[in-house]
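Chemist: So here's run02.txt (compact mmCIF, C-alpha atoms).
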# COMPACT_ATOMS: atom_id res chain seq x y z
CA MET K 1 -4.63 31.68 3.29
CA LYS K 2 -1.07 31.49 2.04
CA ILE K 3 -0.44 28.41 4.16
CA ALA K 4 -3.65 26.80 2.93
CA LEU K 5 -2.74 27.39 -0.70
CA SER K 6 0.79 26.09 -0.26
CA LEU K 7 -0.51 22.97 1.54
CA LEU K 8 -3.03 22.37 -1.21
CA LEU K 9 -0.46 22.70 -4.00
CA THR K 10 2.04 20.56 -2.13
CA ALA K 11 -0.47 17.75 -1.72
CA ILE K 12 -1.66 17.93 -5.33
CA LEU K 13 1.58 18.50 -7.23
CA THR K 14 4.89 18.23 -5.41
CA ASN K 15 3.97 15.47 -2.98
CA ASN K 16 1.28 13.76 -4.98
CA PHE K 17 -0.08 10.85 -2.94
CA ILE K 18 0.11 8.27 -5.69
CA LEU K 19 3.04 9.38 -7.77
CA CYS K 20 5.42 10.56 -5.04
CA LYS K 21 4.27 8.89 -1.84
CA PHE K 22 3.08 5.58 -3.31
CA LEU K 23 -0.16 5.62 -1.32
CA GLY K 24 -3.14 4.08 -3.07
CA ILE K 25 -1.25 2.18 -5.77
CA CYS K 26 -3.79 -0.66 -5.89
CA PRO K 27 -6.68 1.45 -7.21
CA PHE K 28 -4.21 3.42 -9.33
CA LEU K 29 -3.23 0.26 -11.20
CA GLY K 30 -6.50 -1.62 -10.87
CA VAL K 31 -9.24 0.91 -11.52
CA SER K 32 -7.62 3.32 -13.96
CA LYS K 33 -8.41 1.51 -17.20
CA LYS K 34 -11.39 3.69 -18.02
CA LEU K 35 -11.88 7.38 -17.42
CA ASN K 36 -15.38 7.11 -15.88
CA THR K 37 -14.30 4.53 -13.35
CA ALA K 38 -11.21 6.55 -12.46
CA VAL K 39 -13.28 9.68 -11.83
CA GLY K 40 -15.90 7.82 -9.76
CA MET K 41 -13.30 6.11 -7.62
CA SER K 42 -11.33 9.31 -7.01
CA ALA K 43 -14.45 11.29 -6.12
CA ALA K 44 -15.26 8.67 -3.51
CA VAL K 45 -11.68 8.86 -2.20
CA ILE K 46 -11.80 12.67 -1.86
CA PHE K 47 -15.09 12.39 0.00
CA VAL K 48 -13.87 9.71 2.42
CA MET K 49 -10.47 11.36 3.00
CA VAL K 50 -11.99 14.69 4.05
CA LEU K 51 -14.65 13.01 6.16
CA ALA K 52 -12.13 10.69 7.82
CA THR K 53 -9.89 13.63 8.71
CA ALA K 54 -12.81 15.58 10.16
CA VAL K 55 -13.72 12.62 12.37
CA THR K 56 -10.27 11.41 13.39
CA TYR K 57 -8.85 14.81 14.31
CA PRO K 58 -11.03 15.27 17.43
CA ILE K 59 -10.54 11.60 18.30
CA ASN K 60 -6.80 12.09 18.18
CA THR K 61 -7.07 15.09 20.50
CA LEU K 62 -8.99 12.87 22.89
CA LEU K 63 -6.40 10.09 22.67
CA LYS K 64 -3.60 12.58 23.25
CA ALA K 65 -5.28 14.05 26.31
CA ASN K 66 -5.37 10.56 27.84
CA ASN K 67 -1.84 9.54 26.76
CA LEU K 68 -3.22 6.83 24.51
CA GLU K 69 -1.43 7.82 21.30
CA TYR K 70 -0.22 4.28 20.74
CA LEU K 71 -3.83 3.29 20.02
CA GLN K 72 -3.94 5.58 16.97
CA THR K 73 -3.53 2.86 14.32
CA ILE K 74 -6.19 0.52 15.66
CA VAL K 75 -8.68 3.28 16.52
CA PHE K 76 -8.31 5.07 13.20
CA ILE K 77 -8.72 2.00 11.02
CA LEU K 78 -11.85 1.00 12.93
CA VAL K 79 -13.28 4.51 12.79
CA ILE K 80 -12.62 4.70 9.05
CA ALA K 81 -14.16 1.28 8.44
CA ALA K 82 -17.25 2.16 10.47
CA LEU K 83 -17.49 5.56 8.82
CA VAL K 84 -17.38 4.09 5.33
CA GLN K 85 -20.12 1.62 6.20
CA LEU K 86 -22.23 4.39 7.69
CA VAL K 87 -21.78 6.64 4.67
CA GLU K 88 -22.73 3.76 2.42
CA ILE K 89 -25.95 3.11 4.35
CA VAL K 90 -26.90 6.79 4.46
CA LEU K 91 -26.24 7.28 0.76
CA LYS K 92 -28.17 4.16 -0.18
CA LYS K 93 -31.19 5.33 1.78
CA TYR K 94 -31.30 9.06 1.07
CA MET K 95 -29.18 9.86 -1.96
CA VAL K 96 -29.67 7.11 -4.46
CA SER K 97 -28.15 8.91 -7.42
CA LEU K 98 -24.98 9.71 -5.47
CA TYR K 99 -24.88 6.14 -4.21
CA ASN K 100 -25.04 4.82 -7.74
CA ALA K 101 -22.13 7.05 -8.72
CA LEU K 102 -19.87 6.58 -5.69
CA GLY K 103 -21.34 3.87 -3.48
CA ILE K 104 -19.92 0.94 -5.34
CA TYR K 105 -16.39 2.13 -4.69
CA LEU K 106 -16.88 2.72 -0.99
CA PRO K 107 -16.13 -0.79 0.34
CA LEU K 108 -12.90 -0.77 -1.65
CA ILE K 109 -11.81 2.39 0.11
CA THR K 110 -11.89 1.01 3.66
CA THR K 111 -8.55 -0.68 3.26
CA ASN K 112 -7.07 1.92 0.96
CA CYS K 113 -3.71 3.04 2.29
CA ALA K 114 -4.24 6.58 0.99
CA VAL K 115 -7.07 7.20 3.46
CA LEU K 116 -5.33 5.88 6.57
CA GLY K 117 -2.12 7.44 5.23
CA VAL K 118 -3.53 10.96 5.01
CA VAL K 119 -4.92 10.73 8.54
CA LEU K 120 -1.59 9.57 9.95
CA LEU K 121 0.40 12.09 7.91
CA ASN K 122 -1.72 14.95 9.25
CA ILE K 123 -0.76 13.94 12.77
CA ASP K 124 2.90 13.30 11.95
CA ASN K 125 3.15 16.73 10.32
CA GLY K 126 1.51 18.39 13.32
CA TYR K 127 -1.19 20.19 11.33
CA ASN K 128 -4.07 21.90 13.12
CA PHE K 129 -7.67 21.10 12.23
CA TRP K 130 -8.02 23.41 9.22
CA GLN K 131 -4.60 22.60 7.86
CA SER K 132 -5.47 18.90 8.13
CA MET K 133 -8.70 19.43 6.24
CA VAL K 134 -6.94 21.34 3.47
CA TYR K 135 -4.18 18.75 3.24
CA SER K 136 -6.73 15.92 2.98
CA LEU K 137 -8.66 17.76 0.31
CA GLY K 138 -5.40 18.35 -1.58
CA GLY K 139 -4.40 14.73 -1.19
CA GLY K 140 -7.75 13.63 -2.59
CA ILE K 141 -7.56 16.04 -5.51
CA GLY K 142 -3.99 14.90 -6.18
CA PHE K 143 -5.28 11.32 -6.22
CA MET K 144 -7.89 12.31 -8.78
CA VAL K 145 -5.39 14.21 -10.95
CA ALA K 146 -3.06 11.20 -11.05
CA MET K 147 -5.90 8.74 -11.74
CA VAL K 148 -7.43 10.82 -14.53
CA MET K 149 -4.08 11.51 -16.19
CA PHE K 150 -3.14 7.88 -16.00
CA ALA K 151 -6.48 6.71 -17.36
CA GLY K 152 -5.72 8.84 -20.41
CA VAL K 153 -2.28 7.31 -20.77
CA ARG K 154 -3.67 3.81 -20.44
CA GLU K 155 -6.30 4.34 -23.09
CA ARG K 156 -3.45 5.22 -25.47
CA LEU K 157 -1.50 2.14 -24.41
CA GLU K 158 -4.32 -0.12 -25.60
CA GLY K 159 -3.46 0.40 -29.24
CA CYS K 160 0.31 0.30 -28.93
CA ASP K 161 2.68 -2.30 -30.22
CA ILE K 162 4.35 -3.45 -27.01
CA PRO K 163 7.22 -5.97 -26.68
CA LYS K 164 5.81 -9.33 -25.65
CA SER K 165 7.35 -9.59 -22.20
CA LEU K 166 6.30 -6.08 -21.26
CA GLN K 167 2.64 -6.53 -22.18
CA GLY K 168 0.12 -6.00 -19.41
CA LEU K 169 1.30 -4.91 -16.01
CA PRO K 170 5.00 -4.16 -16.76
CA ILE K 171 4.27 -1.57 -19.44
CA THR K 172 1.64 0.00 -17.17
CA LEU K 173 4.29 0.43 -14.49
CA VAL K 174 6.76 1.89 -16.96
CA ALA K 175 4.07 4.35 -18.07
CA ALA K 176 3.43 5.19 -14.42
CA SER K 177 7.14 5.81 -14.04
CA LEU K 178 7.06 8.34 -16.86
CA VAL K 179 3.98 10.09 -15.47
CA SER K 180 5.66 10.19 -12.07
CA MET K 181 8.81 11.62 -13.64
CA SER K 182 6.79 14.46 -15.12
CA PHE K 183 5.60 15.28 -11.61
CA LEU K 184 9.23 15.59 -10.49
CA GLY K 185 9.22 18.76 -12.57
CA PHE K 186 7.03 20.38 -9.90
CA ALA K 187 9.72 19.92 -7.23
CA GLY K 188 10.51 23.24 -5.62
CA LEU K 189 7.50 24.92 -7.23
CA VAL K 190 5.67 25.56 -3.99
CA ASP K 191 8.78 26.77 -2.16
CA ASN K 192 9.56 29.22 -4.93
CA MET K 193 6.01 30.49 -5.18
CA PHE K 194 5.74 31.33 -1.51
CA ALA K 195 9.35 32.17 -0.81
CA MET G 1 3.77 -37.63 7.05
CA ALA G 2 1.32 -36.41 4.45
CA GLU G 3 0.38 -33.58 6.79
CA LYS G 4 4.00 -32.54 7.15
CA LYS G 5 4.58 -32.52 3.43
CA SER G 6 1.64 -30.26 2.77
CA ILE G 7 2.79 -27.81 5.43
CA GLY G 8 6.17 -27.62 3.72
CA LYS G 9 4.31 -26.89 0.51
CA GLU G 10 2.27 -24.11 2.09
CA PHE G 11 5.50 -22.56 3.22
CA THR G 12 7.43 -22.79 -0.03
CA LYS G 13 4.65 -21.66 -2.37
CA GLY G 14 4.90 -18.11 -1.01
CA LEU G 15 8.57 -17.88 -1.89
CA ILE G 16 8.46 -18.23 -5.67
CA ALA G 17 5.43 -19.89 -7.24
CA GLU G 18 2.97 -17.57 -5.49
CA ASN G 19 5.28 -14.76 -4.48
CA PRO G 20 2.91 -12.12 -3.09
CA VAL G 21 4.62 -9.19 -4.79
CA PHE G 22 5.77 -10.49 -8.17
CA ARG G 23 3.11 -13.14 -8.81
CA LEU G 24 0.01 -12.04 -6.91
CA VAL G 25 0.77 -8.28 -7.19
CA LEU G 26 -0.25 -7.56 -3.62
CA GLY G 27 1.30 -5.04 -1.24
CA THR G 28 2.55 -2.79 -4.02
CA CYS G 29 2.44 0.39 -1.91
CA PRO G 30 5.07 -0.63 0.66
CA THR G 31 7.09 -2.42 -2.02
CA LEU G 32 7.52 0.80 -3.96
CA ALA G 33 7.79 3.11 -0.98
CA VAL G 34 10.42 1.49 1.24
CA SER G 35 12.63 -0.13 -1.40
CA THR G 36 14.93 2.89 -1.64
CA SER G 37 17.44 1.29 0.73
CA VAL G 38 18.12 -2.37 1.47
CA ALA G 39 18.24 -1.83 5.23
CA SER G 40 14.77 -0.31 5.46
CA ALA G 41 13.40 -2.89 3.01
CA ILE G 42 14.64 -5.73 5.22
CA GLY G 43 13.23 -3.98 8.28
CA MET G 44 9.86 -3.58 6.60
CA GLY G 45 9.92 -7.19 5.41
CA ILE G 46 10.61 -8.52 8.90
CA ALA G 47 7.93 -6.32 10.47
CA ALA G 48 5.31 -7.36 7.91
CA THR G 49 6.30 -11.04 8.18
CA ALA G 50 5.89 -10.92 11.96
CA VAL G 51 2.44 -9.37 11.63
CA LEU G 52 1.40 -11.81 8.90
CA PHE G 53 2.62 -14.85 10.84
CA CYS G 54 0.87 -13.83 14.08
CA SER G 55 -2.35 -12.63 12.48
CA ASN G 56 -2.64 -15.79 10.34
CA ILE G 57 -2.31 -17.96 13.46
CA VAL G 58 -4.88 -16.01 15.48
CA ILE G 59 -7.36 -15.69 12.62
CA SER G 60 -7.04 -19.36 11.80
CA ALA G 61 -7.54 -20.32 15.45
CA LEU G 62 -10.64 -18.14 15.66
CA ARG G 63 -12.03 -19.06 12.24
CA LYS G 64 -14.95 -21.00 13.73
CA VAL G 65 -15.71 -18.36 16.35
CA ILE G 66 -15.84 -15.25 14.17
CA PRO G 67 -19.28 -14.83 12.58
CA GLN G 68 -19.19 -14.75 8.82
CA LYS G 69 -20.82 -11.33 8.50
CA VAL G 70 -18.40 -9.36 10.68
CA ARG G 71 -15.26 -11.21 9.74
CA ILE G 72 -13.55 -8.37 7.85
CA PRO G 73 -13.78 -5.89 10.79
CA ALA G 74 -12.70 -8.70 13.13
CA TYR G 75 -9.65 -9.44 10.95
CA ILE G 76 -8.81 -5.75 10.82
CA VAL G 77 -8.85 -5.51 14.62
CA ILE G 78 -6.59 -8.55 14.99
CA ILE G 79 -4.16 -7.26 12.37
CA ALA G 80 -4.16 -3.74 13.82
CA SER G 81 -3.35 -5.07 17.29
CA PHE G 82 -0.30 -6.89 15.99
CA VAL G 83 0.77 -3.87 13.97
CA THR G 84 0.55 -1.72 17.10
CA MET G 85 2.73 -4.22 18.97
CA ILE G 86 5.32 -4.25 16.20
CA GLN G 87 5.19 -0.46 16.03
CA LEU G 88 5.96 -0.15 19.74
CA LEU G 89 8.73 -2.75 19.53
CA VAL G 90 10.36 -1.02 16.57
CA LYS G 91 10.09 2.38 18.28
CA ALA G 92 11.75 1.01 21.39
CA PHE G 93 14.51 -1.12 19.90
CA VAL G 94 15.23 0.20 16.38
CA PRO G 95 14.32 3.91 16.43
CA ALA G 96 16.31 4.51 13.24
CA LEU G 97 14.07 2.05 11.37
CA ASP G 98 11.00 3.75 12.78
CA SER G 99 12.07 7.08 11.33
CA ALA G 100 13.11 5.46 8.01
CA LEU G 101 9.74 3.74 7.54
CA GLY G 102 7.71 6.62 8.95
CA VAL G 103 4.04 6.40 8.11
CA TYR G 104 4.51 3.13 6.21
CA LEU G 105 5.01 1.20 9.45
CA PRO G 106 1.46 1.73 10.77
CA LEU G 107 0.24 1.30 7.18
CA ILE G 108 1.08 -2.41 7.42
CA VAL G 109 -2.53 -2.59 8.70
CA VAL G 110 -3.85 -1.94 5.22
CA ASN G 111 -1.22 -4.03 3.42
CA CYS G 112 -3.30 -6.14 1.06
CA ILE G 113 -1.05 -9.16 1.57
CA ILE G 114 -2.07 -9.50 5.19
CA LEU G 115 -5.82 -9.04 4.83
CA GLY G 116 -5.67 -10.98 1.58
CA ARG G 117 -4.03 -14.01 3.20
CA ALA G 118 -6.42 -13.82 6.16
CA GLU G 119 -9.39 -13.92 3.81
CA ALA G 120 -8.01 -16.35 1.25
CA PHE G 121 -6.14 -18.78 3.47
CA ALA G 122 -6.23 -18.40 7.26
CA SER G 123 -10.02 -18.27 7.41
CA LYS G 124 -10.28 -21.66 5.72
CA ASN G 125 -7.29 -23.64 6.96
CA ALA G 126 -5.87 -25.17 10.12
CA VAL G 127 -3.56 -23.24 12.41
CA LEU G 128 -0.32 -24.99 11.45
CA ALA G 129 -0.92 -24.63 7.72
CA SER G 130 -1.86 -20.97 8.18
CA ALA G 131 1.30 -20.32 10.16
CA ALA G 132 3.38 -21.91 7.40
CA ASP G 133 1.50 -19.91 4.77
CA GLY G 134 2.03 -16.66 6.70
CA LEU G 135 5.72 -17.29 7.18
CA GLY G 136 6.23 -18.29 3.54
CA MET G 137 4.31 -15.30 2.20
CA GLY G 138 6.17 -12.99 4.59
CA ILE G 139 9.55 -14.29 3.50
CA GLY G 140 8.44 -14.04 -0.14
CA PHE G 141 7.51 -10.41 0.49
CA THR G 142 10.86 -9.75 2.18
CA THR G 143 12.72 -11.38 -0.71
CA ALA G 144 10.87 -9.26 -3.23
CA LEU G 145 11.61 -6.11 -1.23
CA PHE G 146 15.25 -7.14 -0.98
CA LEU G 147 15.57 -7.64 -4.75
CA MET G 148 13.87 -4.34 -5.55
CA SER G 149 15.87 -2.38 -3.02
CA THR G 150 19.18 -3.95 -4.08
CA VAL G 151 18.72 -2.66 -7.63
CA ARG G 152 17.48 0.74 -6.49
CA GLU G 153 20.11 1.32 -3.82
CA ILE G 154 23.08 0.22 -5.94
CA LEU G 155 22.04 2.27 -8.97
CA GLY G 156 20.49 5.17 -7.12
CA SER G 157 22.91 5.83 -4.28
CA GLY G 158 25.92 3.69 -5.16
CA THR G 159 25.83 1.84 -1.84
CA PHE G 160 24.69 -1.57 -0.65
CA LEU G 161 23.29 -2.32 2.81
CA SER G 162 24.00 1.23 3.92
CA GLY G 163 22.50 1.89 7.35
CA ILE G 164 22.37 -1.84 8.21
CA LYS G 165 24.23 -0.94 11.41
CA ASP G 166 21.03 0.35 12.98
CA LEU G 167 19.26 -2.93 12.28
CA LEU G 168 22.12 -5.08 13.54
CA ALA G 169 22.39 -2.98 16.69
CA VAL G 170 19.34 -4.89 17.99
CA PHE G 171 21.58 -7.86 18.67
CA GLY G 172 23.76 -5.71 20.90
CA GLY G 173 27.50 -5.31 20.71
CA ASP G 174 29.43 -2.76 18.77
CA ILE G 175 29.02 -3.38 15.06
CA SER G 176 31.19 -1.34 12.77
CA PHE G 177 30.00 -2.95 9.50
CA ASN G 178 27.82 -0.45 7.73
CA GLY G 179 27.44 -1.67 4.16
CA PHE G 180 29.53 -1.38 1.03
CA THR G 181 30.09 1.49 -1.33
CA ILE G 182 30.08 0.77 -5.03
CA PRO G 183 33.17 2.42 -6.57
CA PHE G 184 31.96 4.28 -9.66
CA LEU G 185 28.27 4.61 -8.84
CA ASN G 186 28.93 6.14 -5.45
CA GLU G 187 30.45 9.24 -7.06
CA ASN G 188 27.95 9.30 -9.92
CA PRO G 189 24.67 7.93 -8.60
CA LEU G 190 21.67 7.66 -10.91
CA THR G 191 19.50 9.50 -8.40
CA VAL G 192 16.28 8.89 -10.33
CA PHE G 193 16.30 5.26 -9.14
CA VAL G 194 15.75 6.23 -5.51
CA LEU G 195 13.06 8.71 -6.52
CA ALA G 196 9.47 7.74 -7.26
CA PRO G 197 9.82 7.14 -11.04
CA GLY G 198 12.69 4.71 -10.46
CA GLY G 199 10.48 2.71 -8.12
CA PHE G 200 7.77 2.25 -10.74
CA PHE G 201 10.34 1.45 -13.42
CA VAL G 202 12.28 -1.14 -11.44
CA PHE G 203 9.05 -2.77 -10.31
CA GLY G 204 7.84 -2.94 -13.91
CA MET G 205 11.08 -4.56 -15.02
CA MET G 206 10.96 -7.05 -12.15
CA ILE G 207 7.41 -8.06 -13.08
CA ALA G 208 8.45 -8.41 -16.72
CA LEU G 209 11.32 -10.67 -15.66
CA SER G 210 9.14 -12.77 -13.41
CA ASN G 211 6.55 -13.06 -16.20
CA LYS G 212 9.27 -14.27 -18.54
CA LEU G 213 10.36 -16.92 -16.06
CA ALA G 214 6.76 -17.90 -15.35
CA GLU G 215 6.06 -18.23 -19.05
CA ARG G 216 8.96 -20.61 -19.44
CA ASN G 217 7.42 -22.79 -16.73
CA GLY G 218 4.03 -22.57 -18.38
CA LYS G 219 2.49 -20.39 -15.67
CA PRO G 220 0.18 -17.43 -16.39
CA LYS G 221 1.40 -13.85 -16.27
CA ALA G 222 1.18 -11.74 -13.15
CA GLU G 223 -1.72 -9.37 -13.55
CA ILE G 224 -3.84 -7.23 -11.34
CA ASN G 225 -6.94 -9.28 -11.92
CA GLY G 226 -9.07 -6.61 -10.33
CA CYS G 227 -11.46 -8.40 -8.10
CA ALA G 228 -10.02 -11.86 -7.64
CA SER G 229 -7.09 -10.60 -5.60
CA CYS G 230 -8.99 -7.84 -3.84
CA PRO G 231 -9.43 -8.58 -0.13
CA MET G 232 -12.65 -6.62 -0.08
CA ALA G 233 -14.18 -8.81 -2.77
CA SER G 234 -16.56 -10.50 -0.36
CA SER G 235 -18.19 -7.29 0.79
CA CYS G 236 -18.09 -5.60 -2.57
CA ALA G 237 -21.45 -4.51 -3.93
CA LEU G 238 -20.30 -5.11 -7.49
CA ILE G 239 -19.50 -8.76 -7.06
CA ALA G 240 -22.90 -9.33 -5.55
CA ASP G 241 -24.29 -8.07 -8.84
CA GLY G 242 -21.90 -10.31 -10.72
CA LYS G 243 -19.82 -7.44 -12.11
CA LYS G 244 -16.25 -6.29 -11.77
CA CYS G 245 -14.77 -2.91 -10.82
CA GLU G 246 -13.73 -2.41 -14.39
CA GLU G 247 -17.27 -2.87 -15.59
CA ALA G 248 -18.70 -0.46 -13.06
CA ASP G 249 -19.18 2.33 -15.54
CA ALA G 250 -20.88 0.04 -17.99
CA LYS G 251 -23.69 -0.83 -15.60
As structure tokens, what does this structure read like?
Modeler:
Amino acid sequence: MKIALSLLLTAILTNNFILCKFLGICPFLGVSKKLNTAVGMSAAVIFVMVLATAVTYPINTLLKANNLEYLQTIVFILVIAALVQLVEIVLKKYMVSLYNALGIYLPLITTNCAVLGVVLLNIDNGYNFWQSMVYSLGGGIGFMVAMVMFAGVRERLEGCDIPKSLQGLPITLVAASLVSMSFLGFAGLVDNMFA
Amino acid sequence: MAEKKSIGKEFTKGLIAENPVFRLVLGTCPTLAVSTSVASAIGMGIAATAVLFCSNIVISALRKVIPQKVRIPAYIVIIASFVTMIQLLVKAFVPALDSALGVYLPLIVVNCIILGRAEAFASKNAVLASAADGLGMGIGFTTALFLMSTVREILGSGTFLSGIKDLLAVFGGDISFNGFTIPFLNENPLTVFVLAPGGFFVFGMMIALSNKLAERNGKPKAEINGCASCPMASSCALIADGKKCEEADAK
């Protein structure tokens, strides 16, 4: 339980996927203009991350048993791509309301580095199945926290008087830098809590 | 002759006019993540360039064979195979680079530059032009990484090219050159520049600078134009409905 909680907090706060590990920057900059879109996209990411971990973990055990670890990258990306397609089809057929909320973001997630990143990180860190699941969930929630916070910041930026050369993308990145700096404040939090 | 000229053009456009990082705003994740030291940035740049060059050639050669509907998965398989090759090569010959890049090395698979170029260029053009495009874009990416990491390493750790020894060791021989130390900054580094916030900040400033230069030449600003640059645009449900990601909530 203690380990699960510390993993969860690490993934959400101290090692936030977007703000500390730079995974999933494209949606962070591209889809965070409005709060609704940010929430929809992040919910889809959480869903796919957890599902991808649940599927790839046994596959990795299989690869390991046959000394085929070098195939990880190619197998995982294909499995994730197929999985996303499958989820999209199932949702479209059976859960229309959920599809309308999340489905549109699903194709964008296939090539999202946060999803492949979390799967690879779980293996690199040597987590067992449950730890991997918790870490993926935490990573997804961390993604959502960063997206939602940043959507709020961006809505404020709309009405600001910004120097001409910084308008648009540069000021967004500077704002991201400040949000990321605030997350530096969490450094050491988890270690101290569970010391 | 005309053919040759256009190939030169395909090559040079990736360097400045259509620099993938500063102009097209692609591949931001690796740009921010590995630009903490110049040595790992160069390593990443070379690895990504190799993958981009090879995958552009193969995808362009197969462009008439791959059915339209399954082209994205087919591209992903081709790219992933090259990434696996590069991964094994790096692990065998430059283990220090492998540990410096960590998870970002296999993540070249999902680097938007590579899938983006496959979709936007290699799938429509001849092999030679695609090779030139891949090489140019790759070198443009490496240059951008080099610029970013130079600023971050000098300000953040007070060194330049530190750890380059491990990269140069590939060529064999005993190399003692291992970068420079910057006198004052080495004792008093501005650590925030090698941390995450510094990455965002330096990248923002670089984009602002490149926008300024572009403006002087009458070119439009670099902007994440949502869907136009997104490699998944073709399979995106929104575009089929004639909408954009940003308008999703307004549907």
Chemist: Just need the residues of chain K within 6 Å of chain G, counting all atoms listed in the file, so spit them out as a PyMOL selection string.
Modeler: chain K and resi 20+22-23+25+30+37+74+104+107+111+113+165-166+169-170+173-174+177+180-181
Chemist: Counting all atoms listed in the file, which residue out of G:Met137, G:Val170, G:Leu213, G:Leu128 sits closest to Glu18 of chain G?
Modeler: G:Met137
Chemist: Just the number, please: distance in Å from atom CA of Gly156 of chain G to atom CA of Val38 of chain G, one decimal.
Modeler: 11.7 Å
Chemist: Ranking G:Pro183, G:Gly218, G:Gly140, G:Gly172 by minimum distance to Ile46 of chain G and counting only C-alpha atoms, which one comes first?
Modeler: G:Gly140
Chemist: Could you please give me, as a ChimeraX atom specification, the residues of protein, DNA or RNA lying at most 12 Å from (-15.0, 3.6, -0.2) in the coordinate frame of the file, considering all atoms listed in the file?
Modeler: /K:27,40-49,51-52,80-89,91,99,101-115 /G:232,235-237
Chemist: Save out the residues we just selected, C-alpha atoms, as a short mmCIF file (atom, residue, chain, number, x, y, z; two decimals), keeping the file's coordinate frame.
Modeler:
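In the end it all went to out04.cif:
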data_model
loop_
_atom_site.label_atom_id
_atom_site.label_comp_id
_atom_site.auth_asym_id
_atom_site.auth_seq_id
_atom_site.Cartn_x
_atom_site.Cartn_y
_atom_site.Cartn_z
CA PRO K 27 -6.68 1.45 -7.21
CA GLY K 40 -15.90 7.82 -9.76
CA MET K 41 -13.30 6.11 -7.62
CA SER K 42 -11.33 9.31 -7.01
CA ALA K 43 -14.45 11.29 -6.12
CA ALA K 44 -15.26 8.67 -3.51
CA VAL K 45 -11.68 8.86 -2.20
CA ILE K 46 -11.80 12.67 -1.86
CA PHE K 47 -15.09 12.39 0.00
CA VAL K 48 -13.87 9.71 2.42
CA MET K 49 -10.47 11.36 3.00
CA LEU K 51 -14.65 13.01 6.16
CA ALA K 52 -12.13 10.69 7.82
CA ILE K 80 -12.62 4.70 9.05
CA ALA K 81 -14.16 1.28 8.44
CA ALA K 82 -17.25 2.16 10.47
CA LEU K 83 -17.49 5.56 8.82
CA VAL K 84 -17.38 4.09 5.33
CA GLN K 85 -20.12 1.62 6.20
CA LEU K 86 -22.23 4.39 7.69
CA VAL K 87 -21.78 6.64 4.67
CA GLU K 88 -22.73 3.76 2.42
CA ILE K 89 -25.95 3.11 4.35
CA LEU K 91 -26.24 7.28 0.76
CA TYR K 99 -24.88 6.14 -4.21
CA ALA K 101 -22.13 7.05 -8.72
CA LEU K 102 -19.87 6.58 -5.69
CA GLY K 103 -21.34 3.87 -3.48
CA ILE K 104 -19.92 0.94 -5.34
CA TYR K 105 -16.39 2.13 -4.69
CA LEU K 106 -16.88 2.72 -0.99
CA PRO K 107 -16.13 -0.79 0.34
CA LEU K 108 -12.90 -0.77 -1.65
CA ILE K 109 -11.81 2.39 0.11
CA THR K 110 -11.89 1.01 3.66
CA THR K 111 -8.55 -0.68 3.26
CA ASN K 112 -7.07 1.92 0.96
CA CYS K 113 -3.71 3.04 2.29
CA ALA K 114 -4.24 6.58 0.99
CA VAL K 115 -7.07 7.20 3.46
CA MET G 232 -12.65 -6.62 -0.08
CA SER G 235 -18.19 -7.29 0.79
CA CYS G 236 -18.09 -5.60 -2.57
CA ALA G 237 -21.45 -4.51 -3.93
#
Chemist: With all atoms listed in the file as the basis for distance, which of G:Ala50, G:Leu62, G:Tyr75, G:Phe93 is at the shortest distance from Leu168 of chain G?
Modeler: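 For Leu168 of chain G, the nearest of the given residues is G:Phe93.
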Chemist: Report, in Å to a single decimal, how far apart atom CA of Met133 of chain K and atom CA of Leu7 of chain K are.
Modeler: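 Calculated distance between atom CA of Leu7 of chain K and atom CA of Met133 of chain K is 10.1 Å.
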Chemist: What is the distance between atom CA of Ala132 of chain G and atom CA of Phe11 of chain G, in Å to one decimal?
Modeler: 4.7 Å
Chemist: Find the spatial neighbours of Pro95 of chain G, counting all atoms listed in the file, within a cut-off of 12 Å - ignore same-chain residues fewer than 3 positions away - and output them as a PDB file with C-alpha atoms, in the frame of the given file.
Modeler:
ATOM      1  CA  SER G  40      14.770  -0.310   5.460  1.00  0.00           C
ATOM      2  CA  GLY G  43      13.230  -3.980   8.280  1.00  0.00           C
ATOM      3  CA  GLN G  87       5.190  -0.460  16.030  1.00  0.00           C
ATOM      4  CA  LEU G  88       5.960  -0.150  19.740  1.00  0.00           C
ATOM      5  CA  LEU G  89       8.730  -2.750  19.530  1.00  0.00           C
ATOM      6  CA  VAL G  90      10.360  -1.020  16.570  1.00  0.00           C
ATOM      7  CA  LYS G  91      10.090   2.380  18.280  1.00  0.00           C
ATOM      8  CA  ALA G  92      11.750   1.010  21.390  1.00  0.00           C
ATOM      9  CA  ASP G  98      11.000   3.750  12.780  1.00  0.00           C
ATOM     10  CA  SER G  99      12.070   7.080  11.330  1.00  0.00           C
ATOM     11  CA  ALA G 100      13.110   5.460   8.010  1.00  0.00           C
ATOM     12  CA  LEU G 101       9.740   3.740   7.540  1.00  0.00           C
ATOM     13  CA  GLY G 102       7.710   6.620   8.950  1.00  0.00           C
ATOM     14  CA  LEU G 105       5.010   1.200   9.450  1.00  0.00           C
ATOM     15  CA  ASP G 166      21.030   0.350  12.980  1.00  0.00           C
ATOM     16  CA  LEU G 167      19.260  -2.930  12.280  1.00  0.00           C
ATOM     17  CA  ALA G 169      22.390  -2.980  16.690  1.00  0.00           C
ATOM     18  CA  VAL G 170      19.340  -4.890  17.990  1.00  0.00           C
TER      19      VAL G 170
END
Chemist: For Thr143 of chain G, please output as a list of chain:residue names all residues within 10 Å (counting all atoms listed in the file; exclusion window: fewer than 3 positions along the same chain).
Modeler: G:Leu15, G:Ile16, G:Asn19, G:Val21, G:Ala41, G:Ile42, G:Gly45, G:Met137, G:Gly138, G:Ile139, G:Gly140, G:Phe146, G:Leu147, G:Met148, G:Ser149
